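Undergrad: Sharing data-v1.cif, mmCIF, all heavy atoms:
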data_start
loop_
_atom_site.label_atom_id
_atom_site.label_comp_id
_atom_site.auth_asym_id
_atom_site.auth_seq_id
_atom_site.Cartn_x
_atom_site.Cartn_y
_atom_site.Cartn_z
N MET A 22 113.81 97.37 98.39
CA MET A 22 112.93 96.24 98.46
C MET A 22 112.55 95.86 97.04
O MET A 22 112.25 96.71 96.22
CB MET A 22 111.67 96.59 99.25
CG MET A 22 111.92 96.81 100.72
SD MET A 22 110.39 97.08 101.64
CE MET A 22 109.83 98.60 100.94
N LEU A 23 112.56 94.58 96.79
CA LEU A 23 112.22 94.06 95.47
C LEU A 23 111.14 93.00 95.61
O LEU A 23 111.17 92.19 96.54
CB LEU A 23 113.44 93.45 94.80
CG LEU A 23 114.66 94.37 94.64
CD1 LEU A 23 115.85 93.57 94.16
CD2 LEU A 23 114.34 95.50 93.69
N VAL A 24 110.20 92.98 94.68
CA VAL A 24 109.16 91.96 94.65
C VAL A 24 109.23 91.29 93.29
O VAL A 24 109.13 91.96 92.26
CB VAL A 24 107.75 92.56 94.88
CG1 VAL A 24 106.69 91.48 94.79
CG2 VAL A 24 107.69 93.29 96.21
N PHE A 25 109.43 89.97 93.30
CA PHE A 25 109.54 89.19 92.07
C PHE A 25 108.43 88.17 91.98
O PHE A 25 107.95 87.67 93.00
CB PHE A 25 110.88 88.43 92.03
CG PHE A 25 112.08 89.31 91.89
CD1 PHE A 25 112.80 89.71 93.00
CD2 PHE A 25 112.50 89.72 90.64
CE1 PHE A 25 113.91 90.51 92.89
CE2 PHE A 25 113.62 90.53 90.51
CZ PHE A 25 114.33 90.92 91.63
N GLU A 26 108.08 87.80 90.76
CA GLU A 26 107.18 86.68 90.52
C GLU A 26 108.03 85.42 90.53
O GLU A 26 109.11 85.40 89.95
CB GLU A 26 106.49 86.87 89.16
CG GLU A 26 105.32 85.94 88.92
CD GLU A 26 105.74 84.57 88.44
OE1 GLU A 26 106.74 84.45 87.71
OE2 GLU A 26 105.07 83.60 88.80
N ARG A 27 107.56 84.39 91.17
CA ARG A 27 108.38 83.21 91.44
C ARG A 27 108.79 82.43 90.19
O ARG A 27 109.94 82.05 90.04
CB ARG A 27 107.60 82.28 92.38
CG ARG A 27 108.32 80.99 92.65
CD ARG A 27 107.48 80.11 93.53
NE ARG A 27 108.12 78.82 93.70
CZ ARG A 27 107.53 77.77 94.18
NH1 ARG A 27 106.27 77.84 94.54
NH2 ARG A 27 108.17 76.65 94.31
N HIS A 28 107.87 82.18 89.30
CA HIS A 28 108.14 81.28 88.18
C HIS A 28 108.96 81.93 87.07
O HIS A 28 109.81 81.28 86.46
CB HIS A 28 106.85 80.71 87.62
CG HIS A 28 106.11 79.88 88.62
ND1 HIS A 28 106.55 78.65 89.04
CD2 HIS A 28 104.98 80.12 89.32
CE1 HIS A 28 105.72 78.15 89.94
NE2 HIS A 28 104.76 79.04 90.13
N THR A 29 108.69 83.19 86.78
CA THR A 29 109.39 83.86 85.68
C THR A 29 110.51 84.77 86.16
O THR A 29 111.26 85.29 85.34
CB THR A 29 108.41 84.71 84.85
OG1 THR A 29 107.89 85.75 85.68
CG2 THR A 29 107.29 83.87 84.28
N SER A 30 110.58 85.01 87.46
CA SER A 30 111.53 85.95 88.07
C SER A 30 111.33 87.37 87.57
O SER A 30 112.24 88.19 87.60
CB SER A 30 112.97 85.51 87.82
OG SER A 30 113.19 84.24 88.38
N CYS A 31 110.13 87.67 87.13
CA CYS A 31 109.79 89.01 86.64
C CYS A 31 109.70 89.97 87.84
O CYS A 31 109.09 89.66 88.86
CB CYS A 31 108.46 88.95 85.91
SG CYS A 31 107.94 90.53 85.24
N LEU A 32 110.33 91.12 87.71
CA LEU A 32 110.29 92.14 88.76
C LEU A 32 108.92 92.81 88.75
O LEU A 32 108.51 93.37 87.73
CB LEU A 32 111.39 93.17 88.54
CG LEU A 32 111.47 94.30 89.56
CD1 LEU A 32 111.82 93.77 90.94
CD2 LEU A 32 112.49 95.34 89.11
N LEU A 33 108.19 92.75 89.87
CA LEU A 33 106.86 93.34 89.97
C LEU A 33 106.88 94.70 90.63
O LEU A 33 106.06 95.56 90.31
CB LEU A 33 105.93 92.42 90.77
CG LEU A 33 105.71 91.03 90.20
CD1 LEU A 33 104.83 90.22 91.14
CD2 LEU A 33 105.11 91.10 88.81
N ALA A 34 107.79 94.92 91.56
CA ALA A 34 107.86 96.19 92.27
C ALA A 34 109.25 96.38 92.86
O ALA A 34 109.94 95.41 93.17
CB ALA A 34 106.81 96.23 93.38
N ALA A 35 109.62 97.64 92.99
CA ALA A 35 110.92 97.97 93.60
C ALA A 35 110.77 99.28 94.35
O ALA A 35 110.04 100.18 93.93
CB ALA A 35 111.99 98.10 92.53
N ARG A 36 111.46 99.38 95.47
CA ARG A 36 111.43 100.61 96.26
C ARG A 36 112.72 100.74 97.04
O ARG A 36 113.19 99.80 97.65
CB ARG A 36 110.25 100.57 97.22
CG ARG A 36 110.27 101.72 98.18
CD ARG A 36 109.00 101.88 98.89
NE ARG A 36 108.66 103.28 98.72
CZ ARG A 36 107.48 103.78 98.84
NH1 ARG A 36 106.48 103.01 99.11
NH2 ARG A 36 107.27 105.05 98.71
N PHE A 37 113.28 101.94 97.00
CA PHE A 37 114.45 102.23 97.82
C PHE A 37 114.02 102.51 99.24
O PHE A 37 112.93 103.03 99.47
CB PHE A 37 115.19 103.46 97.29
CG PHE A 37 115.97 103.21 96.05
CD1 PHE A 37 115.58 103.77 94.85
CD2 PHE A 37 117.09 102.39 96.06
CE1 PHE A 37 116.29 103.55 93.69
CE2 PHE A 37 117.81 102.16 94.91
CZ PHE A 37 117.41 102.74 93.72
N ARG A 38 114.86 102.18 100.18
CA ARG A 38 114.63 102.54 101.58
C ARG A 38 115.95 103.01 102.15
O ARG A 38 117.02 102.63 101.65
CB ARG A 38 114.07 101.37 102.37
CG ARG A 38 114.96 100.17 102.44
CD ARG A 38 114.31 99.06 103.26
NE ARG A 38 115.09 97.86 103.20
CZ ARG A 38 116.15 97.62 103.97
NH1 ARG A 38 116.53 98.49 104.87
NH2 ARG A 38 116.83 96.50 103.85
N PRO A 39 115.91 103.82 103.19
CA PRO A 39 117.16 104.29 103.79
C PRO A 39 117.99 103.11 104.29
O PRO A 39 117.45 102.08 104.71
CB PRO A 39 116.71 105.16 104.97
CG PRO A 39 115.30 105.51 104.67
CD PRO A 39 114.74 104.38 103.85
N GLY A 40 119.29 103.24 104.26
CA GLY A 40 120.18 102.17 104.70
C GLY A 40 120.06 101.85 106.17
O GLY A 40 120.39 100.75 106.60
N ASN A 41 119.55 102.78 106.96
CA ASN A 41 119.41 102.53 108.39
C ASN A 41 118.00 102.06 108.77
O ASN A 41 117.70 101.89 109.93
CB ASN A 41 119.79 103.78 109.19
CG ASN A 41 118.90 104.97 108.86
OD1 ASN A 41 118.08 104.91 107.96
ND2 ASN A 41 119.11 106.05 109.58
N ALA A 42 117.13 101.81 107.77
CA ALA A 42 115.77 101.34 108.05
C ALA A 42 115.79 99.83 108.24
O ALA A 42 116.62 99.13 107.66
CB ALA A 42 114.85 101.69 106.88
N SER A 43 114.86 99.33 109.04
CA SER A 43 114.79 97.88 109.23
C SER A 43 114.33 97.22 107.94
O SER A 43 113.74 97.85 107.07
CB SER A 43 113.82 97.55 110.37
OG SER A 43 112.51 97.91 110.01
N SER A 44 114.60 95.94 107.81
CA SER A 44 114.32 95.24 106.55
C SER A 44 112.84 95.18 106.24
O SER A 44 112.46 95.07 105.09
CB SER A 44 114.91 93.84 106.61
OG SER A 44 114.35 93.11 107.66
N GLN A 45 111.98 95.23 107.24
CA GLN A 45 110.54 95.16 106.98
C GLN A 45 109.89 96.54 106.88
O GLN A 45 108.68 96.63 106.66
CB GLN A 45 109.82 94.32 108.04
CG GLN A 45 109.71 94.98 109.39
CD GLN A 45 110.89 94.68 110.29
OE1 GLN A 45 111.89 94.17 109.85
NE2 GLN A 45 110.77 94.98 111.55
N ALA A 46 110.67 97.60 106.99
CA ALA A 46 110.12 98.95 106.93
C ALA A 46 109.44 99.19 105.58
O ALA A 46 109.99 98.88 104.54
CB ALA A 46 111.22 99.98 107.14
N ARG A 47 108.21 99.65 105.63
CA ARG A 47 107.42 100.06 104.46
C ARG A 47 106.95 98.92 103.57
O ARG A 47 106.46 99.14 102.49
CB ARG A 47 108.18 101.08 103.63
CG ARG A 47 108.45 102.34 104.39
CD ARG A 47 109.13 103.38 103.54
NE ARG A 47 108.68 104.68 104.00
CZ ARG A 47 108.18 105.61 103.23
NH1 ARG A 47 108.08 105.41 101.95
NH2 ARG A 47 107.79 106.76 103.73
N ILE A 48 107.08 97.68 104.01
CA ILE A 48 106.61 96.57 103.17
C ILE A 48 105.09 96.52 103.13
O ILE A 48 104.50 96.23 102.08
CB ILE A 48 107.22 95.21 103.60
CG1 ILE A 48 106.94 94.13 102.54
CG2 ILE A 48 106.70 94.77 104.95
CD1 ILE A 48 107.60 94.34 101.24
N VAL A 49 104.42 96.81 104.24
CA VAL A 49 102.96 96.74 104.26
C VAL A 49 102.33 97.74 103.29
O VAL A 49 101.47 97.36 102.48
CB VAL A 49 102.41 96.89 105.70
CG1 VAL A 49 100.90 97.03 105.70
CG2 VAL A 49 102.85 95.72 106.56
N PRO A 50 102.73 99.02 103.29
CA PRO A 50 102.15 99.94 102.29
C PRO A 50 102.43 99.50 100.85
O PRO A 50 101.56 99.65 99.98
CB PRO A 50 102.83 101.28 102.59
CG PRO A 50 103.24 101.18 104.01
CD PRO A 50 103.58 99.73 104.23
N MET A 51 103.59 98.94 100.62
CA MET A 51 103.92 98.46 99.28
C MET A 51 102.99 97.32 98.87
O MET A 51 102.47 97.30 97.75
CB MET A 51 105.38 98.01 99.24
CG MET A 51 105.86 97.55 97.91
SD MET A 51 107.57 96.99 98.10
CE MET A 51 108.16 97.24 96.45
N LEU A 52 102.76 96.38 99.77
CA LEU A 52 101.88 95.26 99.47
C LEU A 52 100.42 95.68 99.35
O LEU A 52 99.68 95.12 98.54
CB LEU A 52 102.02 94.17 100.53
CG LEU A 52 103.35 93.43 100.53
CD1 LEU A 52 103.41 92.46 101.69
CD2 LEU A 52 103.56 92.71 99.21
N LEU A 53 100.01 96.69 100.11
CA LEU A 53 98.63 97.18 100.01
C LEU A 53 98.35 97.79 98.64
O LEU A 53 97.22 97.75 98.16
CB LEU A 53 98.34 98.20 101.12
CG LEU A 53 98.22 97.64 102.53
CD1 LEU A 53 98.07 98.76 103.54
CD2 LEU A 53 97.04 96.67 102.61
N ARG A 54 99.35 98.34 98.00
CA ARG A 54 99.19 98.86 96.64
C ARG A 54 99.30 97.75 95.60
O ARG A 54 98.60 97.76 94.58
CB ARG A 54 100.24 99.92 96.35
CG ARG A 54 99.94 101.25 96.99
CD ARG A 54 100.85 102.35 96.48
NE ARG A 54 102.27 101.99 96.48
CZ ARG A 54 103.08 102.07 97.53
NH1 ARG A 54 102.61 102.50 98.68
NH2 ARG A 54 104.34 101.74 97.43
N LEU A 55 100.18 96.79 95.83
CA LEU A 55 100.46 95.75 94.84
C LEU A 55 99.39 94.65 94.80
O LEU A 55 99.00 94.19 93.73
CB LEU A 55 101.83 95.14 95.13
CG LEU A 55 102.33 94.08 94.17
CD1 LEU A 55 102.48 94.65 92.77
CD2 LEU A 55 103.65 93.52 94.66
N MET A 56 98.91 94.21 95.94
CA MET A 56 98.01 93.06 96.00
C MET A 56 96.71 93.27 95.22
O MET A 56 96.29 92.36 94.49
CB MET A 56 97.72 92.68 97.46
CG MET A 56 98.90 92.05 98.16
SD MET A 56 99.55 90.59 97.31
CE MET A 56 98.18 89.48 97.48
N PRO A 57 96.02 94.41 95.32
CA PRO A 57 94.79 94.57 94.52
C PRO A 57 95.06 94.47 93.02
O PRO A 57 94.24 93.91 92.27
CB PRO A 57 94.29 95.97 94.89
CG PRO A 57 94.87 96.23 96.23
CD PRO A 57 96.20 95.54 96.23
N ARG A 58 96.19 94.95 92.57
CA ARG A 58 96.53 94.85 91.14
C ARG A 58 96.75 93.40 90.74
O ARG A 58 96.30 92.95 89.69
CB ARG A 58 97.78 95.65 90.84
CG ARG A 58 97.58 97.13 90.96
CD ARG A 58 98.86 97.85 90.69
NE ARG A 58 98.68 99.28 90.78
CZ ARG A 58 99.63 100.16 90.61
NH1 ARG A 58 100.87 99.75 90.35
NH2 ARG A 58 99.39 101.44 90.71
N LEU A 59 97.46 92.65 91.58
CA LEU A 59 97.69 91.24 91.29
C LEU A 59 96.39 90.45 91.31
O LEU A 59 96.14 89.61 90.45
CB LEU A 59 98.68 90.64 92.28
CG LEU A 59 100.13 91.11 92.17
CD1 LEU A 59 100.96 90.56 93.31
CD2 LEU A 59 100.71 90.72 90.83
N GLN A 60 95.54 90.73 92.30
CA GLN A 60 94.27 90.02 92.41
C GLN A 60 93.35 90.32 91.22
O GLN A 60 92.63 89.44 90.75
CB GLN A 60 93.58 90.38 93.72
CG GLN A 60 94.30 89.81 94.92
CD GLN A 60 93.81 90.38 96.24
OE1 GLN A 60 93.33 91.51 96.30
NE2 GLN A 60 93.96 89.60 97.30
N ALA A 61 93.40 91.54 90.71
CA ALA A 61 92.58 91.89 89.54
C ALA A 61 93.12 91.23 88.27
O ALA A 61 92.34 90.82 87.41
CB ALA A 61 92.55 93.41 89.37
N ALA A 62 94.42 91.12 88.16
CA ALA A 62 95.03 90.53 86.97
C ALA A 62 94.93 89.00 86.96
O ALA A 62 94.85 88.40 85.89
CB ALA A 62 96.49 90.96 86.87
N PHE A 63 94.95 88.39 88.14
CA PHE A 63 94.95 86.93 88.26
C PHE A 63 93.81 86.50 89.17
O PHE A 63 94.01 86.10 90.30
CB PHE A 63 96.29 86.45 88.81
CG PHE A 63 97.47 86.90 87.98
CD1 PHE A 63 98.24 87.98 88.36
CD2 PHE A 63 97.78 86.24 86.81
CE1 PHE A 63 99.31 88.39 87.60
CE2 PHE A 63 98.85 86.65 86.03
CZ PHE A 63 99.61 87.72 86.42
N VAL A 64 92.61 86.58 88.63
CA VAL A 64 91.39 86.40 89.43
C VAL A 64 91.31 85.02 90.07
O VAL A 64 90.98 84.89 91.24
CB VAL A 64 90.14 86.66 88.56
CG1 VAL A 64 88.88 86.41 89.35
CG2 VAL A 64 90.17 88.09 88.03
N ARG A 65 91.63 83.97 89.34
CA ARG A 65 91.45 82.61 89.86
C ARG A 65 92.72 82.01 90.46
O ARG A 65 92.78 80.82 90.73
CB ARG A 65 90.98 81.70 88.75
CG ARG A 65 89.63 82.08 88.23
CD ARG A 65 89.14 81.07 87.26
NE ARG A 65 88.21 81.72 86.34
CZ ARG A 65 87.78 81.19 85.25
NH1 ARG A 65 88.19 80.00 84.89
NH2 ARG A 65 86.94 81.83 84.48
N VAL A 66 93.72 82.83 90.67
CA VAL A 66 95.00 82.34 91.17
C VAL A 66 95.12 82.64 92.66
O VAL A 66 94.83 83.74 93.11
CB VAL A 66 96.17 83.01 90.40
CG1 VAL A 66 97.50 82.59 90.99
CG2 VAL A 66 96.09 82.69 88.93
N LYS A 67 95.54 81.64 93.41
CA LYS A 67 95.80 81.84 94.84
C LYS A 67 97.19 82.48 94.96
O LYS A 67 98.19 81.92 94.52
CB LYS A 67 95.78 80.50 95.57
CG LYS A 67 95.98 80.63 97.05
CD LYS A 67 95.87 79.27 97.72
CE LYS A 67 96.04 79.40 99.21
NZ LYS A 67 95.90 78.10 99.88
N ILE A 68 97.23 83.66 95.54
CA ILE A 68 98.48 84.40 95.66
C ILE A 68 99.09 84.13 97.04
O ILE A 68 98.44 84.33 98.06
CB ILE A 68 98.25 85.91 95.46
CG1 ILE A 68 97.72 86.15 94.05
CG2 ILE A 68 99.53 86.69 95.69
CD1 ILE A 68 97.27 87.56 93.79
N ARG A 69 100.33 83.66 97.02
CA ARG A 69 101.05 83.41 98.26
C ARG A 69 102.26 84.32 98.31
O ARG A 69 102.91 84.56 97.29
CB ARG A 69 101.49 81.95 98.35
CG ARG A 69 100.32 81.01 98.47
CD ARG A 69 100.76 79.61 98.74
NE ARG A 69 101.40 79.06 97.54
CZ ARG A 69 102.01 77.90 97.50
NH1 ARG A 69 102.09 77.16 98.58
NH2 ARG A 69 102.54 77.46 96.39
N LEU A 70 102.59 84.80 99.49
CA LEU A 70 103.72 85.69 99.67
C LEU A 70 104.81 84.99 100.46
O LEU A 70 104.51 84.19 101.35
CB LEU A 70 103.29 86.96 100.42
CG LEU A 70 102.21 87.79 99.76
CD1 LEU A 70 101.80 88.91 100.69
CD2 LEU A 70 102.66 88.33 98.43
N ARG A 71 106.03 85.31 100.14
CA ARG A 71 107.17 84.79 100.90
C ARG A 71 108.14 85.93 101.12
O ARG A 71 108.55 86.60 100.18
CB ARG A 71 107.86 83.68 100.12
CG ARG A 71 109.01 83.07 100.91
CD ARG A 71 109.70 82.02 100.08
NE ARG A 71 110.96 82.60 99.63
CZ ARG A 71 111.80 82.01 98.81
NH1 ARG A 71 111.50 80.84 98.31
NH2 ARG A 71 112.91 82.58 98.47
N GLY A 72 108.47 86.18 102.35
CA GLY A 72 109.44 87.23 102.66
C GLY A 72 110.83 86.64 102.83
O GLY A 72 111.00 85.53 103.32
N GLU A 73 111.79 87.37 102.34
CA GLU A 73 113.17 86.90 102.44
C GLU A 73 114.04 88.10 102.76
O GLU A 73 113.84 89.19 102.25
CB GLU A 73 113.60 86.29 101.11
CG GLU A 73 114.91 85.58 101.18
CD GLU A 73 115.18 84.81 99.89
OE1 GLU A 73 114.33 84.01 99.47
OE2 GLU A 73 116.25 85.05 99.31
N GLY A 74 115.02 87.90 103.59
CA GLY A 74 115.93 88.98 103.94
C GLY A 74 117.34 88.43 104.06
O GLY A 74 117.65 87.33 103.64
N GLY A 75 118.21 89.23 104.61
CA GLY A 75 119.57 88.79 104.82
C GLY A 75 120.47 88.93 103.63
O GLY A 75 121.38 88.14 103.43
N PHE A 76 120.19 89.92 102.80
CA PHE A 76 121.08 90.15 101.67
C PHE A 76 122.38 90.76 102.16
O PHE A 76 122.38 91.61 103.03
CB PHE A 76 120.42 91.08 100.65
CG PHE A 76 119.20 90.48 100.01
CD1 PHE A 76 117.94 90.82 100.45
CD2 PHE A 76 119.33 89.58 98.98
CE1 PHE A 76 116.82 90.28 99.88
CE2 PHE A 76 118.21 89.03 98.38
CZ PHE A 76 116.96 89.38 98.84
N PRO A 77 123.50 90.35 101.60
CA PRO A 77 124.79 90.89 102.06
C PRO A 77 124.98 92.34 101.70
O PRO A 77 124.40 92.88 100.86
CB PRO A 77 125.83 90.03 101.35
CG PRO A 77 125.11 89.27 100.31
CD PRO A 77 123.66 89.34 100.60
#
Take the structure from the file and write it as structure tokens.
TA:
Amino acid sequence: MLVFERHTSCLLAARFRPGNASSQARIVPMLLRLMPRLQAAFVRVKIRLRGEGGFP
């Protein structure tokens, strides 16, 4: 799983998951750790999330 910032394409987080895991497996714990950090760093910014899957 990879999390990128939209405008700069900067990689914010990465995590390996088993090949037999569903695409959404473990995304919630990852976001629960990442979101407070983003909110603290960008206090006045509205943070929107977009999920994407279907990588070959």
Undergrad: Which distance in Å separates atom CD1 of A:Leu53 and atom SG of A:Cys31, to one decimal?
TA: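 Distance between the two atoms: 22.4 Å.
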Undergrad: In Å, rounded to a single decimal, give me how far atom CA of A:Arg58 is from atom CA of A:Arg71.
TA: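 Atom-to-atom, atom CA of A:Arg71 to atom CA of A:Arg58, that is 17.6 Å.
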Undergrad: Kindly resolve the PyMOL selection byres ((chain A and resi 33) around 5) on the present coordinates and return the residues as a PDB file with all heavy atoms, in the coordinates of the input.
TA:
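Output file expr-v1.pdb follows:
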ATOM      1  N   VAL A  24     110.200  92.980  94.680  1.00  0.00           N
ATOM      2  CA  VAL A  24     109.160  91.960  94.650  1.00  0.00           C
ATOM      3  C   VAL A  24     109.230  91.290  93.290  1.00  0.00           C
ATOM      4  O   VAL A  24     109.130  91.960  92.260  1.00  0.00           O
ATOM      5  CB  VAL A  24     107.750  92.560  94.880  1.00  0.00           C
ATOM      6  CG1 VAL A  24     106.690  91.480  94.790  1.00  0.00           C
ATOM      7  CG2 VAL A  24     107.690  93.290  96.210  1.00  0.00           C
ATOM      8  N   PHE A  25     109.430  89.970  93.300  1.00  0.00           N
ATOM      9  CA  PHE A  25     109.540  89.190  92.070  1.00  0.00           C
ATOM     10  C   PHE A  25     108.430  88.170  91.980  1.00  0.00           C
ATOM     11  O   PHE A  25     107.950  87.670  93.000  1.00  0.00           O
ATOM     12  CB  PHE A  25     110.880  88.430  92.030  1.00  0.00           C
ATOM     13  CG  PHE A  25     112.080  89.310  91.890  1.00  0.00           C
ATOM     14  CD1 PHE A  25     112.800  89.710  93.000  1.00  0.00           C
ATOM     15  CD2 PHE A  25     112.500  89.720  90.640  1.00  0.00           C
ATOM     16  CE1 PHE A  25     113.910  90.510  92.890  1.00  0.00           C
ATOM     17  CE2 PHE A  25     113.620  90.530  90.510  1.00  0.00           C
ATOM     18  CZ  PHE A  25     114.330  90.920  91.630  1.00  0.00           C
ATOM     19  N   GLU A  26     108.080  87.800  90.760  1.00  0.00           N
ATOM     20  CA  GLU A  26     107.180  86.680  90.520  1.00  0.00           C
ATOM     21  C   GLU A  26     108.030  85.420  90.530  1.00  0.00           C
ATOM     22  O   GLU A  26     109.110  85.400  89.950  1.00  0.00           O
ATOM     23  CB  GLU A  26     106.490  86.870  89.160  1.00  0.00           C
ATOM     24  CG  GLU A  26     105.320  85.940  88.920  1.00  0.00           C
ATOM     25  CD  GLU A  26     105.740  84.570  88.440  1.00  0.00           C
ATOM     26  OE1 GLU A  26     106.740  84.450  87.710  1.00  0.00           O
ATOM     27  OE2 GLU A  26     105.070  83.600  88.800  1.00  0.00           O
ATOM     28  N   CYS A  31     110.130  87.670  87.130  1.00  0.00           N
ATOM     29  CA  CYS A  31     109.790  89.010  86.640  1.00  0.00           C
ATOM     30  C   CYS A  31     109.700  89.970  87.840  1.00  0.00           C
ATOM     31  O   CYS A  31     109.090  89.660  88.860  1.00  0.00           O
ATOM     32  CB  CYS A  31     108.460  88.950  85.910  1.00  0.00           C
ATOM     33  SG  CYS A  31     107.940  90.530  85.240  1.00  0.00           S
ATOM     34  N   LEU A  32     110.330  91.120  87.710  1.00  0.00           N
ATOM     35  CA  LEU A  32     110.290  92.140  88.760  1.00  0.00           C
ATOM     36  C   LEU A  32     108.920  92.810  88.750  1.00  0.00           C
ATOM     37  O   LEU A  32     108.510  93.370  87.730  1.00  0.00           O
ATOM     38  CB  LEU A  32     111.390  93.170  88.540  1.00  0.00           C
ATOM     39  CG  LEU A  32     111.470  94.300  89.560  1.00  0.00           C
ATOM     40  CD1 LEU A  32     111.820  93.770  90.940  1.00  0.00           C
ATOM     41  CD2 LEU A  32     112.490  95.340  89.110  1.00  0.00           C
ATOM     42  N   ALA A  34     107.790  94.920  91.560  1.00  0.00           N
ATOM     43  CA  ALA A  34     107.860  96.190  92.270  1.00  0.00           C
ATOM     44  C   ALA A  34     109.250  96.380  92.860  1.00  0.00           C
ATOM     45  O   ALA A  34     109.940  95.410  93.170  1.00  0.00           O
ATOM     46  CB  ALA A  34     106.810  96.230  93.380  1.00  0.00           C
ATOM     47  N   ALA A  35     109.620  97.640  92.990  1.00  0.00           N
ATOM     48  CA  ALA A  35     110.920  97.970  93.600  1.00  0.00           C
ATOM     49  C   ALA A  35     110.770  99.280  94.350  1.00  0.00           C
ATOM     50  O   ALA A  35     110.040 100.180  93.930  1.00  0.00           O
ATOM     51  CB  ALA A  35     111.990  98.100  92.530  1.00  0.00           C
ATOM     52  N   LEU A  55     100.180  96.790  95.830  1.00  0.00           N
ATOM     53  CA  LEU A  55     100.460  95.750  94.840  1.00  0.00           C
ATOM     54  C   LEU A  55      99.390  94.650  94.800  1.00  0.00           C
ATOM     55  O   LEU A  55      99.000  94.190  93.730  1.00  0.00           O
ATOM     56  CB  LEU A  55     101.830  95.140  95.130  1.00  0.00           C
ATOM     57  CG  LEU A  55     102.330  94.080  94.170  1.00  0.00           C
ATOM     58  CD1 LEU A  55     102.480  94.650  92.770  1.00  0.00           C
ATOM     59  CD2 LEU A  55     103.650  93.520  94.660  1.00  0.00           C
ATOM     60  N   LEU A  59      97.460  92.650  91.580  1.00  0.00           N
ATOM     61  CA  LEU A  59      97.690  91.240  91.290  1.00  0.00           C
ATOM     62  C   LEU A  59      96.390  90.450  91.310  1.00  0.00           C
ATOM     63  O   LEU A  59      96.140  89.610  90.450  1.00  0.00           O
ATOM     64  CB  LEU A  59      98.680  90.640  92.280  1.00  0.00           C
ATOM     65  CG  LEU A  59     100.130  91.110  92.170  1.00  0.00           C
ATOM     66  CD1 LEU A  59     100.960  90.560  93.310  1.00  0.00           C
ATOM     67  CD2 LEU A  59     100.710  90.720  90.830  1.00  0.00           C
TER      68      LEU A  59
END
Undergrad: DSSP on the backbone, strand (DSSP E or B) only: what residues of chain A does that give? Format it as a ChimeraX atom specification.
TA: /A:23-25,32-35
Undergrad: For A:Arg36, work out the shell of residues within 4.5 Å, counting all heavy atoms and skipping chain neighbours fewer than 3 positions away, then give it as a PyMOL selection string.
TA: chain A and resi 22+47+51+54
Undergrad: Atom CA of A:Ile68 to atom CA of A:Pro39: how many Å, to one decimal?
TA: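 These atoms are spaced 28.5 Å apart.
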Undergrad: Kindly compute an axis-aligned box around the listed atoms of stretch 47-65 of chain A, allowing 8 Å on each side, and express its centre and edge lengths in Å to one decimal as AutoDock Vina command-line options.
TA:
--center_x 98.0 --center_y 93.4 --center_z 95.5 --size_x 38.2 --size_y 42.8 --size_z 38.1
Undergrad: Hey, what does DSSP flag as alpha helix (DSSP H) within chain A? Can you give it to me as a ChimeraX atom specification?
TA: /A:48-62
